$ cat target.cif   # mmCIF, C-alpha atoms
data_input
loop_
_atom_site.label_atom_id
_atom_site.label_comp_id
_atom_site.auth_asym_id
_atom_site.auth_seq_id
_atom_site.Cartn_x
_atom_site.Cartn_y
_atom_site.Cartn_z
CA MET A 637 9.03 34.67 -68.66
CA ALA A 638 10.43 36.80 -65.85
CA VAL A 639 10.78 33.71 -63.68
CA THR A 640 12.61 31.90 -66.48
CA ALA A 641 14.89 34.89 -67.09
CA TYR A 642 15.71 35.02 -63.42
CA MET A 643 16.38 31.28 -63.24
CA VAL A 644 18.81 31.46 -66.17
CA ALA A 645 20.60 34.53 -64.81
CA ALA A 646 20.85 33.18 -61.28
CA TRP A 647 22.05 29.82 -62.51
CA MET A 648 25.10 31.48 -64.04
CA VAL A 649 26.47 32.82 -60.74
CA ALA A 650 27.23 31.36 -57.35
CA PRO A 651 24.54 31.57 -54.66
CA GLY A 652 24.86 34.58 -52.41
CA PHE A 653 24.49 37.31 -54.98
CA TYR A 654 21.22 38.71 -53.93
CA ASP A 655 21.80 41.55 -51.58
CA GLY A 656 25.39 41.94 -50.79
CA PHE A 657 25.86 39.68 -47.78
CA GLY A 658 27.37 37.99 -50.48
CA PRO A 659 28.64 38.32 -52.85
CA VAL A 660 30.27 35.19 -51.58
CA GLN A 661 32.64 35.81 -48.70
CA PRO A 662 36.09 35.27 -50.18
CA TYR A 663 37.81 32.16 -48.90
CA ASN A 664 40.72 30.14 -50.19
CA TRP A 665 39.64 26.53 -49.98
CA THR A 666 41.69 23.38 -49.70
CA CYS A 667 38.60 21.48 -50.87
CA PRO A 668 36.23 24.04 -52.43
CA PRO A 669 32.49 23.31 -52.28
CA PRO A 670 30.82 22.89 -55.69
CA GLN A 671 29.33 26.39 -55.69
CA ALA A 672 32.64 28.13 -54.84
CA GLY A 673 33.71 28.89 -58.40
CA ALA A 674 37.33 29.96 -59.00
CA ASN A 675 39.54 29.16 -56.05
CA LEU A 676 43.01 29.99 -54.80
CA LYS A 677 44.83 27.55 -52.59
CA PRO A 678 45.14 28.66 -48.94
CA SER A 679 48.41 30.18 -47.77
CA SER A 680 50.76 29.30 -44.97
CA GLY A 681 52.54 31.73 -42.67
CA HIS A 682 55.65 32.00 -40.51
CA LEU A 683 56.64 34.20 -37.57
CA ASP A 684 59.79 34.57 -35.50
CA ILE A 685 59.11 35.95 -32.04
CA LYS A 686 61.95 37.61 -30.17
CA VAL A 687 62.76 36.60 -26.62
CA ILE A 688 64.02 39.61 -24.66
CA GLY A 689 65.23 39.15 -21.09
CA GLY A 690 63.81 35.65 -21.04
CA VAL A 691 60.32 36.87 -21.99
CA SER A 692 58.80 36.26 -25.41
CA ASP A 693 57.46 39.32 -27.19
CA ALA A 694 53.81 39.94 -27.97
CA ASN A 695 53.12 39.18 -31.61
CA SER A 696 50.71 37.51 -34.03
CA ALA A 697 51.30 34.75 -36.55
CA PHE A 698 48.99 34.52 -39.52
CA SER A 699 48.56 32.80 -42.82
CA ASN A 700 49.42 35.12 -45.70
CA ASP A 701 45.79 35.17 -46.87
CA GLY A 702 44.65 36.18 -43.37
CA GLN A 703 42.41 33.18 -42.89
CA VAL A 704 44.11 32.25 -39.61
CA VAL A 705 45.56 34.60 -37.02
CA ILE A 706 47.01 33.48 -33.71
CA GLY A 707 47.99 36.17 -31.21
CA PHE A 708 50.42 35.78 -28.35
CA LEU A 709 50.68 37.88 -25.18
CA PRO A 710 54.10 38.90 -23.76
CA GLY A 711 55.60 35.86 -22.03
CA ALA A 712 53.13 33.50 -23.71
CA PHE A 713 55.86 30.90 -24.37
CA ASP A 714 58.12 28.84 -22.20
CA SER A 715 61.18 30.53 -23.63
CA THR A 716 63.84 28.98 -21.40
CA GLY A 717 67.19 29.05 -23.20
CA LYS A 718 65.76 30.57 -26.42
CA THR A 719 66.41 33.85 -28.19
CA THR A 720 63.67 33.44 -30.78
CA ILE A 721 60.60 31.28 -31.12
CA SER A 722 59.34 30.18 -34.52
CA VAL A 723 55.65 29.76 -35.24
CA ASP A 724 54.33 28.17 -38.44
CA VAL A 725 50.79 28.12 -39.79
CA THR A 726 50.24 25.53 -42.53
CA PRO A 727 47.00 24.51 -44.23
CA LEU A 728 46.49 20.76 -44.30
CA PRO A 729 46.40 19.54 -47.93
CA THR A 730 43.49 17.20 -47.15
CA CYS A 731 40.03 17.78 -45.71
CA PRO A 732 39.22 15.36 -42.91
CA GLN A 733 35.54 15.13 -41.95
CA PRO A 734 35.45 13.44 -38.55
CA ALA A 735 32.33 11.54 -37.53
CA GLY A 736 29.75 13.70 -35.81
CA ILE A 737 31.45 16.96 -36.75
CA ARG A 738 31.07 19.07 -39.87
CA LEU A 739 34.22 21.13 -40.44
CA VAL A 740 33.44 24.18 -42.58
CA THR A 741 36.93 25.66 -42.86
CA ASN A 742 40.27 24.34 -43.97
CA VAL A 743 42.26 22.47 -41.35
CA TYR A 744 45.37 24.36 -40.24
CA GLN A 745 48.39 22.97 -38.50
CA ILE A 746 49.97 25.43 -36.10
CA THR A 747 53.37 24.57 -34.68
CA ALA A 748 55.92 26.45 -32.57
CA SER A 749 59.43 25.83 -31.33
CA ALA A 750 58.30 26.32 -27.72
CA SER A 751 55.25 25.39 -25.73
CA LEU A 752 52.68 27.87 -24.48
CA VAL A 753 52.37 28.90 -20.86
CA LYS A 754 49.65 31.48 -21.54
CA SER A 755 46.62 31.05 -23.76
CA ALA A 756 46.92 32.30 -27.33
CA ASN A 757 44.04 33.97 -29.12
CA LEU A 758 43.05 32.10 -32.30
CA VAL A 759 40.91 33.63 -35.05
CA LEU A 760 39.66 31.58 -38.00
CA ARG A 761 37.88 33.14 -40.95
CA TYR A 762 35.08 31.21 -42.66
CA SER A 763 32.99 31.48 -45.79
CA ASN A 764 29.25 32.05 -46.16
CA LEU A 765 29.11 29.21 -48.66
CA GLU A 766 28.86 26.87 -45.69
CA PRO A 767 26.75 27.09 -42.54
CA ALA A 768 28.32 29.29 -39.88
CA PRO A 769 30.47 27.28 -37.45
CA THR A 770 29.69 27.20 -33.75
CA ASP A 771 33.01 25.94 -32.40
CA VAL A 772 36.68 25.66 -33.13
CA TYR A 773 37.87 22.06 -33.11
CA PHE A 774 41.32 20.84 -32.14
CA ALA A 775 43.23 17.61 -32.77
CA SER A 776 46.81 16.63 -32.17
CA ASP A 777 46.61 14.47 -35.29
CA PRO A 778 44.49 15.16 -38.40
CA GLY A 779 43.05 11.66 -38.10
CA GLY A 780 41.56 12.66 -34.76
CA PRO A 781 40.18 12.54 -32.22
CA TRP A 782 38.79 16.05 -32.72
CA LYS A 783 37.41 17.96 -29.75
CA SER A 784 35.68 21.30 -29.42
CA ILE A 785 37.66 24.09 -27.79
CA GLY A 786 34.66 26.42 -27.90
CA ALA A 787 34.29 29.87 -29.35
CA ALA A 788 33.96 33.39 -27.99
CA GLN A 789 30.55 35.05 -28.16
CA GLN A 790 31.83 38.15 -29.92
CA ALA A 791 33.66 38.12 -33.23
CA GLN A 792 33.79 40.06 -36.46
CA PRO A 793 31.42 38.81 -39.17
CA PHE A 794 32.62 35.60 -40.78
CA THR A 795 35.26 34.96 -38.12
CA ILE A 796 35.28 32.66 -35.12
CA VAL A 797 37.52 33.26 -32.12
CA THR A 798 38.78 31.03 -29.35
CA THR A 799 41.83 30.53 -27.13
CA THR A 800 44.30 27.66 -26.96
CA LYS A 801 47.28 26.58 -24.89
CA LEU A 802 48.16 23.76 -27.25
CA PHE A 803 49.51 23.57 -30.77
CA GLY A 804 48.22 21.09 -33.30
CA TYR A 805 45.44 21.03 -35.90
CA PHE A 806 42.59 23.52 -35.88
CA ALA A 807 39.40 23.99 -37.88
CA ALA A 808 35.98 25.55 -37.34
CA GLY A 809 32.75 23.59 -37.62
CA TYR A 810 29.67 22.38 -35.82
CA ALA A 811 28.23 19.15 -34.48
CA SER A 812 26.73 17.57 -37.58
CA ALA A 813 23.90 15.82 -35.73
CA SER A 814 22.01 19.10 -35.66
CA PRO A 815 21.99 22.33 -37.64
CA PRO A 816 24.23 25.07 -36.23
CA PRO A 817 22.39 26.78 -33.38
CA GLY A 818 21.79 30.50 -33.77
CA ALA A 819 21.83 30.34 -37.54
CA VAL A 820 18.99 31.63 -39.63
CA SER A 821 17.78 29.04 -42.07
CA VAL A 822 14.87 28.69 -44.42
CA GLY A 823 15.55 25.05 -44.99
CA GLY A 824 18.42 22.93 -46.11
CA GLY A 825 19.51 19.48 -47.03
CA GLN A 826 17.60 17.24 -49.36
CA ALA A 827 14.19 18.59 -48.37
CA LEU A 828 14.86 22.12 -49.53
CA PRO A 829 14.41 21.65 -53.28
CA ILE A 830 11.09 19.87 -52.64
CA VAL A 831 9.88 22.58 -50.28
CA VAL A 832 10.92 25.25 -52.76
CA ALA A 833 9.17 23.47 -55.63
CA VAL A 834 5.97 23.24 -53.60
CA LEU A 835 6.19 26.90 -52.71
CA ILE A 836 6.57 27.83 -56.35
CA GLY A 837 3.18 26.25 -56.94
CA LEU A 838 1.85 28.90 -54.60
CA VAL A 839 2.49 31.46 -57.34
CA VAL A 840 -0.53 30.02 -59.10
CA LEU A 841 -2.56 30.01 -55.90
CA ALA A 842 -1.60 33.53 -54.91
CA GLY A 843 -0.35 35.62 -57.80
CA ILE A 844 -2.88 34.85 -60.50
CA PRO A 845 -6.04 35.25 -58.36
CA LEU A 846 -4.61 38.40 -56.80
CA ALA A 847 -3.77 39.86 -60.20
CA ILE A 848 -7.23 39.00 -61.58
CA LEU A 849 -8.97 40.52 -58.56
CA ARG A 850 -6.88 43.68 -58.81
CA ARG A 851 -7.48 44.06 -62.53
CA ARG A 852 -11.21 43.39 -62.15
CA GLN A 853 -11.37 45.96 -59.37
CA SER A 854 -9.61 48.62 -61.45
CA HIS A 855 -11.80 47.80 -64.46
CA GLY A 856 -14.89 48.30 -62.29
CA GLU A 857 -13.60 51.62 -61.02
CA ALA A 858 -12.95 52.77 -64.59
CA GLU A 859 -16.48 51.83 -65.62
CA GLU A 860 -17.94 53.70 -62.65
CA GLU A 861 -15.95 56.78 -63.61
CA GLY A 862 -17.20 56.39 -67.18
CA ASP A 863 -20.82 56.23 -65.97
CA VAL A 864 -20.61 59.57 -64.20
CA MET B 1425 18.57 56.23 -53.61
CA LEU B 1426 21.66 55.42 -55.65
CA CYS B 1427 23.80 57.50 -53.30
CA ILE B 1428 22.35 55.70 -50.28
CA GLU B 1429 22.99 52.28 -51.81
CA TRP B 1430 26.49 53.12 -52.98
CA ALA B 1431 27.39 54.66 -49.63
CA ARG B 1432 25.97 51.59 -47.91
CA ALA B 1433 28.07 49.29 -50.09
CA SER B 1434 31.25 51.29 -49.45
CA ILE B 1435 30.78 51.49 -45.68
CA GLN B 1436 29.66 47.87 -45.45
CA ALA B 1437 33.06 46.72 -46.69
CA GLN B 1438 34.85 48.28 -43.70
CA PRO B 1439 35.63 46.13 -40.65
CA TYR B 1440 32.78 46.01 -38.09
CA MET B 1441 30.61 48.21 -40.33
CA ALA B 1442 28.51 45.60 -42.13
CA ILE B 1443 25.60 45.53 -39.69
CA PRO B 1444 25.43 49.30 -39.00
CA ALA B 1445 25.68 50.04 -42.73
CA LEU B 1446 22.88 47.63 -43.59
CA VAL B 1447 20.57 48.84 -40.83
CA VAL B 1448 21.16 52.55 -41.41
CA GLY B 1449 21.06 52.07 -45.19
CA GLY B 1450 17.78 50.18 -44.91
CA ALA B 1451 16.28 52.90 -42.71
CA ALA B 1452 17.43 55.63 -45.10
CA LEU B 1453 15.89 53.83 -48.06
CA GLY B 1454 12.68 53.33 -46.13
CA ALA B 1455 12.63 57.05 -45.39
CA VAL B 1456 12.47 57.70 -49.14
CA ALA B 1457 8.94 56.33 -49.10
CA LEU B 1458 7.78 58.62 -46.30
CA GLY B 1459 5.05 60.90 -47.55
CA THR B 1460 3.86 58.52 -50.26
CA PRO B 1461 0.41 57.12 -49.39
CA ALA B 1462 0.38 53.43 -48.55
CA ASP B 1463 -1.94 52.51 -51.41
CA ARG B 1464 0.38 54.18 -53.93
CA LEU B 1465 3.27 52.18 -52.48
CA GLY B 1466 1.28 49.00 -53.00
CA LEU B 1467 0.85 48.41 -49.28
CA GLY B 1468 -2.43 47.42 -47.71
CA THR B 1469 -4.18 44.71 -45.78
CA SER B 1470 -6.81 43.69 -48.34
CA ARG B 1471 -6.39 40.05 -49.40
CA LEU B 1472 -3.45 39.89 -47.05
CA GLY B 1473 -3.37 36.12 -47.09
CA LEU B 1474 -2.84 36.05 -50.85
CA ARG B 1475 -0.17 38.73 -50.61
CA ILE B 1476 1.73 36.79 -47.96
CA LEU B 1477 1.36 33.57 -49.93
CA GLY B 1478 2.65 35.37 -53.00
CA GLY B 1479 5.61 36.73 -51.07
CA MET B 1480 6.52 33.22 -49.94
CA ALA B 1481 6.25 32.04 -53.53
CA LEU B 1482 8.49 34.86 -54.75
CA GLY B 1483 11.00 33.98 -52.05
CA ALA B 1484 10.91 30.37 -53.19
CA VAL B 1485 11.51 31.37 -56.80
CA LEU B 1486 14.46 33.56 -55.78
CA LEU B 1487 15.98 30.70 -53.78
CA LEU B 1488 15.37 27.96 -56.31
CA PRO B 1489 18.60 28.16 -58.35
CA ALA B 1490 20.75 28.02 -55.21
CA ALA B 1491 18.65 25.26 -53.70
CA VAL B 1492 18.76 23.06 -56.79
CA ARG B 1493 22.48 23.47 -57.31
CA SER B 1494 23.80 23.01 -53.82
CA GLY B 1495 21.07 21.05 -52.03
CA SER B 1496 21.24 23.63 -49.29
CA VAL B 1497 21.71 27.35 -49.32
CA PRO B 1498 24.45 29.22 -47.47
CA ILE B 1499 23.28 30.16 -44.00
CA MET B 1500 23.72 33.66 -42.67
CA PRO B 1501 25.13 34.29 -39.20
CA ALA B 1502 22.32 35.25 -36.84
CA GLY B 1503 23.83 38.66 -36.21
CA LEU B 1504 23.18 39.70 -39.77
CA ALA B 1505 19.55 38.59 -39.84
CA PHE B 1506 18.09 41.80 -38.46
CA ALA B 1507 20.24 43.83 -40.83
CA ALA B 1508 19.08 41.67 -43.74
CA VAL B 1509 15.44 42.30 -42.88
CA ALA B 1510 16.05 46.05 -42.51
CA VAL B 1511 17.76 46.47 -45.87
CA SER B 1512 15.25 44.22 -47.67
CA ILE B 1513 12.28 46.25 -46.48
CA GLY B 1514 14.08 49.54 -47.14
CA GLU B 1515 14.97 48.56 -50.70
CA GLU B 1516 11.44 47.45 -51.52
CA LEU B 1517 9.87 50.61 -50.09
CA ALA B 1518 12.32 52.75 -52.06
CA PHE B 1519 12.56 50.96 -55.42
CA ARG B 1520 9.30 49.06 -55.93
CA GLY B 1521 7.41 51.46 -53.64
CA ALA B 1522 8.23 55.16 -53.98
CA LEU B 1523 10.28 55.06 -57.18
CA TYR B 1524 7.83 52.74 -58.93
CA ALA B 1525 4.90 54.98 -57.96
CA ALA B 1526 6.67 58.13 -59.14
CA LEU B 1527 7.69 56.60 -62.48
CA HIS B 1528 4.21 55.14 -62.98
CA GLU B 1529 2.73 58.59 -62.62
CA VAL B 1530 5.11 60.00 -65.22
CA GLY B 1531 5.19 57.24 -67.83
CA GLY B 1532 2.87 54.44 -66.84
CA ALA B 1533 3.67 50.81 -66.10
CA PRO B 1534 6.44 50.25 -68.70
CA LEU B 1535 8.53 53.14 -67.39
CA ALA B 1536 7.85 52.12 -63.79
CA ILE B 1537 8.93 48.52 -64.37
CA ILE B 1538 11.94 49.23 -66.54
CA GLY B 1539 13.05 52.33 -64.65
CA SER B 1540 12.82 50.79 -61.17
CA THR B 1541 14.63 47.67 -62.38
CA ALA B 1542 17.41 49.70 -64.02
CA LEU B 1543 17.99 51.85 -60.96
CA TRP B 1544 17.82 48.81 -58.67
CA THR B 1545 20.51 47.14 -60.75
CA ALA B 1546 22.67 50.27 -60.81
CA ALA B 1547 22.29 50.55 -57.05
CA HIS B 1548 23.92 47.13 -56.67
CA ALA B 1549 26.82 47.93 -58.98
CA LEU B 1550 29.24 48.69 -56.15
CA SER B 1551 28.28 45.85 -53.85
CA HIS B 1552 28.36 43.10 -56.49
CA PRO B 1553 30.87 41.99 -59.13
CA PRO B 1554 29.64 42.59 -62.71
CA ALA B 1555 28.92 38.88 -63.18
CA PHE B 1556 26.19 39.06 -60.55
CA LEU B 1557 24.34 42.05 -61.97
CA GLY B 1558 22.38 40.03 -64.53
CA ALA B 1559 20.83 37.98 -61.76
CA VAL B 1560 20.20 41.09 -59.69
CA ALA B 1561 18.45 42.73 -62.67
CA ALA B 1562 16.37 39.62 -63.33
CA ALA B 1563 15.31 39.49 -59.68
CA GLY B 1564 14.40 43.18 -59.82
CA LEU B 1565 12.36 42.65 -62.96
CA LEU B 1566 10.51 39.72 -61.40
CA LEU B 1567 9.62 41.74 -58.31
CA ALA B 1568 8.63 44.78 -60.39
CA LEU B 1569 6.35 42.65 -62.57
CA TRP B 1570 4.65 41.29 -59.47
CA ARG B 1571 4.27 44.84 -58.21
CA TRP B 1572 2.60 45.78 -61.52
CA ALA B 1573 0.46 42.68 -62.04
CA CYS B 1574 -0.84 42.46 -58.48
CA ARG B 1575 -0.48 46.13 -57.50
CA ASP B 1576 1.14 44.79 -54.39
CA LEU B 1577 4.35 45.50 -52.50
CA VAL B 1578 3.75 43.12 -49.59
CA GLY B 1579 4.69 40.13 -51.75
CA PRO B 1580 8.01 41.61 -52.96
CA VAL B 1581 8.89 42.67 -49.40
CA ILE B 1582 8.30 39.15 -48.06
CA GLY B 1583 10.05 37.50 -50.99
CA HIS B 1584 13.03 39.83 -50.68
CA VAL B 1585 13.32 39.24 -46.93
CA ILE B 1586 13.21 35.46 -47.40
CA ALA B 1587 15.83 35.59 -50.15
CA ASP B 1588 18.14 37.88 -48.20
CA LEU B 1589 17.95 35.74 -45.08
CA ALA B 1590 18.99 32.71 -47.07
CA LEU B 1591 21.32 34.20 -49.65
#

$ encode --input "target.cif" --output "structure tokens"
Amino acid sequence: MAVTAYMVAAWMVAPGFYDGFGPVQPYNWTCPPPQAGANLKPSSGHLDIKVIGGVSDANSAFSNDGQVVIGFLPGAFDSTGKTTISVDVTPLPTCPQPAGIRLVTNVYQITASASLVKSANLVLRYSNLEPAPTDVYFASDPGGPWKSIGAAQQAQPFTIVTTTKLFGYFAAGYASASPPPGAVSVGGGQALPIVVAVLIGLVVLAGIPLAILRRRQSHGEAEEEGDV
Amino acid sequence: MLCIEWARASIQAQPYMAIPALVVGGAALGAVALGTPADRLGLGTSRLGLRILGGMALGAVLLLPAAVRSGSVPIMPAGLAFAAVAVSIGEELAFRGALYAALHEVGGAPLAIIGSTALWTAAHALSHPPAFLGAVAAAGLLLALWRWACRDLVGPVIGHVIADLAL
């Protein structure tokens, strides 16, 4: 009965409830996965960077929901003849899934009115409803080709960080031929429900004999006490 | 225990604080069980194979709804794995270990099962939206019933660790 009660209760909420690693990491999806529940559309963002004395200011452009942040150092842009530089961050309304790559975030187009001469720091947030990404991928066209531009070793939880000297389309993901390295997994894919079902059978093999042995043991102890 | 869990949930929400909060919170909860004999906590090595098997089965039960619905469960970043193990063990030692034993002494099995489940659910009130608390309570009840039926805490610890690593 307890198992049934748990199944019913757990069925009513999204996975990730159990111990607060979840609840599900908030993320505004362009194409929400089935277990995401209610969803807000991702936001875009705009930034105007001042050019002072021919050098562009340090600043950061971000989407209004904070899912993408791109930071620029002083003089990061080729600002010849400009007084301001505009940067736009726009979520792509579609969700391309290039061959051999599993993208686990929205795809964002980042454009600017000047090209970069110094690398910009790019931070993408991701959700725990999907496997953690290992790389940030870049394409100059959403149809591809997509290529990895790597990721820094250190990042806040549920963020992935890299650098770029190009503008275009960005998303985080992993090579889909193999599970993401460094991730902790107890299974996955089509095999998981079968493995879980088999393991449930172990309740009978483990729980019932253990309970009987324990009860028999305590019954014996009680009888011994009664004999004294 | 409630204060530890609520403080853990509040600190965990701050930037860069998730892992320290989980590890320190788990250690603090584990410390609650210090001084309680291992057999009263439900710990021991007798029939260890069955206990471990039972823990795996409990973990499987806890994962089943997510597995059936999505085909695969969300995967935790490796950095959080150690923290997940720490807080899982700490919670089991505190709620189904020390608290269960104390309540059992006062009011027997019904009070121990209901009381530990109620406090476990309340402890998660700050870290989870209200919609999730039913599932948390049901999971707590399942683990507490195992603790009662098998007089064992090894199974709940293993099941909890497995579930936390995957969910």

$ residues_around --input "target.cif" --residues "A:Phe698" --least-positions-apart "4" --cutoff "6 Å" --atoms "only C-alpha atoms" --output "PyMOL selection string"
chain A and resi 681+704-705

$ atom_distance --input "target.cif" --atom1 "atom CA of A:Tyr642" --atom2 "atom CA of B:Ala1445"
27.4 Å

$ resolve_selection --input "target.cif" --expression "the PyMOL selection byres ((chain A and resi 637) around 12)" --output "VMD selection string"
(chain A and resid 638 to 644) or (chain B and resid 1562 to 1563 1565 to 1566 1569)

$ residues_around --input "target.cif" --residues "B:Glu1429" --least-positions-apart "3" --cutoff "12 Å" --atoms "all atoms listed in the file" --output "ChimeraX atom specification"
/A:655-656 /B:1425-1426,1432-1436,1445-1454,1511-1512,1514-1515,1518-1519,1543-1552

$ resolve_selection --input "target.cif" --expression "the PyMOL selection byres ((chain A and resi 761) around 7)" --output "VMD selection string"
chain A and resid 703 to 704 759 to 760 762 794 to 796

$ resolve_selection --input "target.cif" --expression "the PyMOL selection byres ((chain A and resi 719-736) around 7)" --output "PDB file with C-alpha atoms, keeping the file's coordinate frame"
ATOM      1  CA  THR A 666      41.690  23.380 -49.700  1.00  0.00           C
ATOM      2  CA  CYS A 667      38.600  21.480 -50.870  1.00  0.00           C
ATOM      3  CA  PRO A 678      45.140  28.660 -48.940  1.00  0.00           C
ATOM      4  CA  SER A 679      48.410  30.180 -47.770  1.00  0.00           C
ATOM      5  CA  SER A 680      50.760  29.300 -44.970  1.00  0.00           C
ATOM      6  CA  GLY A 681      52.540  31.730 -42.670  1.00  0.00           C
ATOM      7  CA  HIS A 682      55.650  32.000 -40.510  1.00  0.00           C
ATOM      8  CA  LEU A 683      56.640  34.200 -37.570  1.00  0.00           C
ATOM      9  CA  ASP A 684      59.790  34.570 -35.500  1.00  0.00           C
ATOM     10  CA  ILE A 685      59.110  35.950 -32.040  1.00  0.00           C
ATOM     11  CA  LYS A 686      61.950  37.610 -30.170  1.00  0.00           C
ATOM     12  CA  VAL A 687      62.760  36.600 -26.620  1.00  0.00           C
ATOM     13  CA  ALA A 697      51.300  34.750 -36.550  1.00  0.00           C
ATOM     14  CA  PHE A 698      48.990  34.520 -39.520  1.00  0.00           C
ATOM     15  CA  SER A 699      48.560  32.800 -42.820  1.00  0.00           C
ATOM     16  CA  GLY A 717      67.190  29.050 -23.200  1.00  0.00           C
ATOM     17  CA  LYS A 718      65.760  30.570 -26.420  1.00  0.00           C
ATOM     18  CA  ILE A 737      31.450  16.960 -36.750  1.00  0.00           C
ATOM     19  CA  ARG A 738      31.070  19.070 -39.870  1.00  0.00           C
ATOM     20  CA  LEU A 739      34.220  21.130 -40.440  1.00  0.00           C
ATOM     21  CA  ASN A 742      40.270  24.340 -43.970  1.00  0.00           C
ATOM     22  CA  VAL A 743      42.260  22.470 -41.350  1.00  0.00           C
ATOM     23  CA  TYR A 744      45.370  24.360 -40.240  1.00  0.00           C
ATOM     24  CA  GLN A 745      48.390  22.970 -38.500  1.00  0.00           C
ATOM     25  CA  ILE A 746      49.970  25.430 -36.100  1.00  0.00           C
ATOM     26  CA  THR A 747      53.370  24.570 -34.680  1.00  0.00           C
ATOM     27  CA  ALA A 748      55.920  26.450 -32.570  1.00  0.00           C
ATOM     28  CA  SER A 749      59.430  25.830 -31.330  1.00  0.00           C
ATOM     29  CA  ALA A 750      58.300  26.320 -27.720  1.00  0.00           C
ATOM     30  CA  PRO A 778      44.490  15.160 -38.400  1.00  0.00           C
ATOM     31  CA  ALA A 811      28.230  19.150 -34.480  1.00  0.00           C
ATOM     32  CA  SER A 812      26.730  17.570 -37.580  1.00  0.00           C
ATOM     33  CA  ALA A 813      23.900  15.820 -35.730  1.00  0.00           C
TER      34      ALA A 813
END

$ atom_distance --input "target.cif" --atom1 "atom CA of A:Asn695" --atom2 "atom CA of A:Val740"
27.1 Å

$ closest_residue --input "target.cif" --among "A:Asn764, A:Ala788, A:Phe713, A:Gly809" --to "chain B" --atoms "all atoms listed in the file"
A:Asn764

$ axis_aligned_box --input "target.cif" --around "stretch 757-764 of chain A" --padding-each-side "6 Å" --output "AutoDock Vina command-line options"
--center_x 36.6 --center_y 32.6 --center_z -37.6 --size_x 26.8 --size_y 14.8 --size_z 29.0

$ atom_distance --input "target.cif" --atom1 "atom CA of B:Arg1571" --atom2 "atom CA of B:Phe1506"
24.3 Å

$ build_atoms --input "target.cif" --residues "stretch 1532-1545 of chain B" --atoms "N, CA and C atoms" --output "mmCIF file, keeping the file's coordinate frame"
data_model
loop_
_atom_site.group_PDB
_atom_site.id
_atom_site.type_symbol
_atom_site.label_atom_id
_atom_site.label_comp_id
_atom_site.auth_asym_id
_atom_site.auth_seq_id
_atom_site.Cartn_x
_atom_site.Cartn_y
_atom_site.Cartn_z
ATOM 1 N N GLY B 1532 3.646 55.678 -66.846
ATOM 2 C CA GLY B 1532 2.870 54.440 -66.840
ATOM 3 C C GLY B 1532 3.691 53.227 -66.438
ATOM 4 N N ALA B 1533 3.058 52.060 -66.589
ATOM 5 C CA ALA B 1533 3.670 50.810 -66.100
ATOM 6 C C ALA B 1533 5.003 50.478 -66.770
ATOM 7 N N PRO B 1534 5.143 50.630 -68.095
ATOM 8 C CA PRO B 1534 6.440 50.250 -68.700
ATOM 9 C C PRO B 1534 7.613 51.022 -68.099
ATOM 10 N N LEU B 1535 7.434 52.339 -67.960
ATOM 11 C CA LEU B 1535 8.530 53.140 -67.390
ATOM 12 C C LEU B 1535 8.782 52.738 -65.938
ATOM 13 N N ALA B 1536 7.701 52.486 -65.196
ATOM 14 C CA ALA B 1536 7.850 52.120 -63.790
ATOM 15 C C ALA B 1536 8.625 50.807 -63.641
ATOM 16 N N ILE B 1537 8.272 49.833 -64.472
ATOM 17 C CA ILE B 1537 8.930 48.520 -64.370
ATOM 18 C C ILE B 1537 10.379 48.600 -64.827
ATOM 19 N N ILE B 1538 10.575 49.183 -65.988
ATOM 20 C CA ILE B 1538 11.940 49.230 -66.540
ATOM 21 C C ILE B 1538 12.822 50.182 -65.716
ATOM 22 N N GLY B 1539 12.260 51.335 -65.389
ATOM 23 C CA GLY B 1539 13.050 52.330 -64.650
ATOM 24 C C GLY B 1539 13.445 51.839 -63.260
ATOM 25 N N SER B 1540 12.488 51.243 -62.533
ATOM 26 C CA SER B 1540 12.820 50.790 -61.170
ATOM 27 C C SER B 1540 13.815 49.631 -61.222
ATOM 28 N N THR B 1541 13.689 48.779 -62.256
ATOM 29 C CA THR B 1541 14.630 47.670 -62.380
ATOM 30 C C THR B 1541 16.035 48.175 -62.728
ATOM 31 N N ALA B 1542 16.094 49.163 -63.623
ATOM 32 C CA ALA B 1542 17.410 49.700 -64.020
ATOM 33 C C ALA B 1542 18.109 50.365 -62.845
ATOM 34 N N LEU B 1543 17.354 51.167 -62.093
ATOM 35 C CA LEU B 1543 17.990 51.850 -60.960
ATOM 36 C C LEU B 1543 18.358 50.869 -59.850
ATOM 37 N N TRP B 1544 17.536 49.875 -59.664
ATOM 38 C CA TRP B 1544 17.820 48.810 -58.670
ATOM 39 C C TRP B 1544 19.126 48.100 -59.026
ATOM 40 N N THR B 1545 19.289 47.825 -60.309
ATOM 41 C CA THR B 1545 20.510 47.140 -60.750
ATOM 42 C C THR B 1545 21.725 48.059 -60.570
#
